[in-house]
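Heads up: the structure comes next, in structure tokens.
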Amino acid sequence: MSHTILVALQTDPDPFQFINNFLSSPVLRITGQVLVLLAVVFWLALVYWTYSDAARRETVPFVWGIVAVVLPFFGTLIYLIVRPPEYALDSRERELELAVLERELRSRVLLCPNCRSLVERDYLLCPQCGWDLKKSCVHCERALDLNWDLCPYCETDQRTGKRAR
Ligand SMILES: [Zn+2]
Ligand SMILES: [Zn+2]
């Protein structure tokens with residue numbers, strides 16, 4: 001080995017020395033540990049959030065909790081993509097509202113047996129096709145079923161026109 005190369009090796013600072021020192025420094029090690037700790041805390045928070053959000057929707061929260069544990073971060077992401085759009089409470093409330101509305105409608109509205117158009121309960125005939133739906137009481141003129149002989153409102157016998165009692 002010539003004398004000049006030996007001098008160069010001794011005097012040239014190693015360009016990787018700084019990086020090596022930095023990588024093995026306690027500052028970096030602690031920073032790395034803090035980052036890992038933060039990631040774990042964030043992961044656990046996501047697991048908790050995934051579970052509690054799944055419990056409020058129509059899903060199996062236990063399963064989604066496990067998915068969030070097994071697939072850190074991505075499990076929650078997948079859950080966000082496929083979760084039901086509304087809370088279970090909301091959808092049950094909406095179903096109930098719909099049932100009430102339907103019942104209300106059904107109690108007020110009938111279908112014409114002839115043309116199937118909507119007719120109200122006290123229509124005497126269908127406005128669409130003229131089909132006889134009800135007859136009016138001979139005394140109080142309220143709408144009665146065609147086969148009723150007695151008026152339930154005024155107690156008049158439809159055949160005789162007299163009070164039944
Ligand atoms: Zn009709
Ligand atoms: Zn009557």
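Quick note on naming: the chains in the structure tokens go A, B, ... in the order shown, residues restart at 1 in each chain, and ligands are numbered from 1 in order of appearance.
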Got a sec to check which residues lie within 6 Å of ligand 2, using only C-alpha atoms and all ligand atoms, and send them as a PyMOL selection string?
-> chain A and resi 137+139-142+151+153-154+156
With only C-alpha atoms and all ligand atoms counted and 7 Å as the cut-off, give the residues of chain A in contact with ligand 1, each with its shortest interatomic distance in Å and the pair that gives it, as CSV.
```
residue,atom,partner,partner_atom_place_in_ligand_line,distance
A:Cys112,CA,ligand 1,1 (Zn),4.6
A:Pro113,CA,ligand 1,1 (Zn),6.6
A:Asn114,CA,ligand 1,1 (Zn),4.9
A:Cys115,CA,ligand 1,1 (Zn),4.1
A:Arg116,CA,ligand 1,1 (Zn),6.0
A:Ser117,CA,ligand 1,1 (Zn),5.8
A:Cys126,CA,ligand 1,1 (Zn),4.5
A:Pro127,CA,ligand 1,1 (Zn),6.6
A:Gln128,CA,ligand 1,1 (Zn),5.0
A:Cys129,CA,ligand 1,1 (Zn),4.2
A:Gly130,CA,ligand 1,1 (Zn),6.0
A:Trp131,CA,ligand 1,1 (Zn),5.4
```
Those same residues - C-alpha atoms - I'd like them written as a PDB file, in the first residue's frame.
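File written: out.pdb
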```pdb
ATOM      1  CA  CYS A 112    -112.343  -0.171  -6.035  1.00  0.00           C
ATOM      2  CA  PRO A 113    -113.146  -3.896  -6.523  1.00  0.00           C
ATOM      3  CA  ASN A 114    -113.869  -3.245 -10.176  1.00  0.00           C
ATOM      4  CA  CYS A 115    -111.065  -1.002 -11.494  1.00  0.00           C
ATOM      5  CA  ARG A 116    -108.587  -1.111  -8.547  1.00  0.00           C
ATOM      6  CA  SER A 117    -108.331   2.674  -8.292  1.00  0.00           C
ATOM      7  CA  CYS A 126    -116.174   4.717  -7.693  1.00  0.00           C
ATOM      8  CA  PRO A 127    -115.422   8.048  -9.389  1.00  0.00           C
ATOM      9  CA  GLN A 128    -113.364   6.219 -12.024  1.00  0.00           C
ATOM     10  CA  CYS A 129    -115.725   3.500 -13.183  1.00  0.00           C
ATOM     11  CA  GLY A 130    -119.029   4.208 -11.458  1.00  0.00           C
ATOM     12  CA  TRP A 131    -119.012   0.894  -9.530  1.00  0.00           C
TER      13      TRP A 131
END
```
Show me, as a Markdown table, the residues of segment 30-89 of chain A having an atom within 10 Å of segment 93-101 of chain A, each with the closest atom pair and its distance in Å, using only C-alpha atoms.
```
| residue | atom | partner | partner_atom | distance |
| --- | --- | --- | --- | --- |
| A:Tyr87 | CA | A:Glu93 | CA | 10.0 |
| A:Ala88 | CA | A:Glu93 | CA | 8.5 |
| A:Leu89 | CA | A:Glu93 | CA | 6.1 |
```
Where does DSSP see helix (DSSP H, G or I) in chain A, if you list the residues as a ChimeraX atom specification?
-> /A:3-11,17-23,26-56,61-70,74-82,88-108
Long-range neighbours of segment 63-66 of chain A as JSON, numbers by chain, 12 Å cut-off, only C-alpha atoms, 2 positions minimum in chain = {"A": [43, 44, 45, 46, 47, 48, 49, 50, 51, 52, 53, 54, 55, 57, 58, 59, 60, 61, 68, 69, 70, 71, 72, 73, 74, 75, 76, 77, 78, 79, 80, 82, 83]}
Kindly give the distance, in Å, that separates atom CA of Glu120 of chain A and atom CA of Arg108 of chain A, rounded to a single decimal.
->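 So the two atoms, atom CA of Glu120 of chain A and atom CA of Arg108 of chain A, lie 6.0 Å apart.
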Contacts of Asp149 of chain A at 12 Å or less, counting only C-alpha atoms, minus same-chain residues fewer than 3 places along, as JSON, numbers by chain?
-> {"A": [135, 136, 137, 138, 144, 145, 146, 152, 155, 156, 157, 158, 159, 160, 161, 162, 163, 164]}
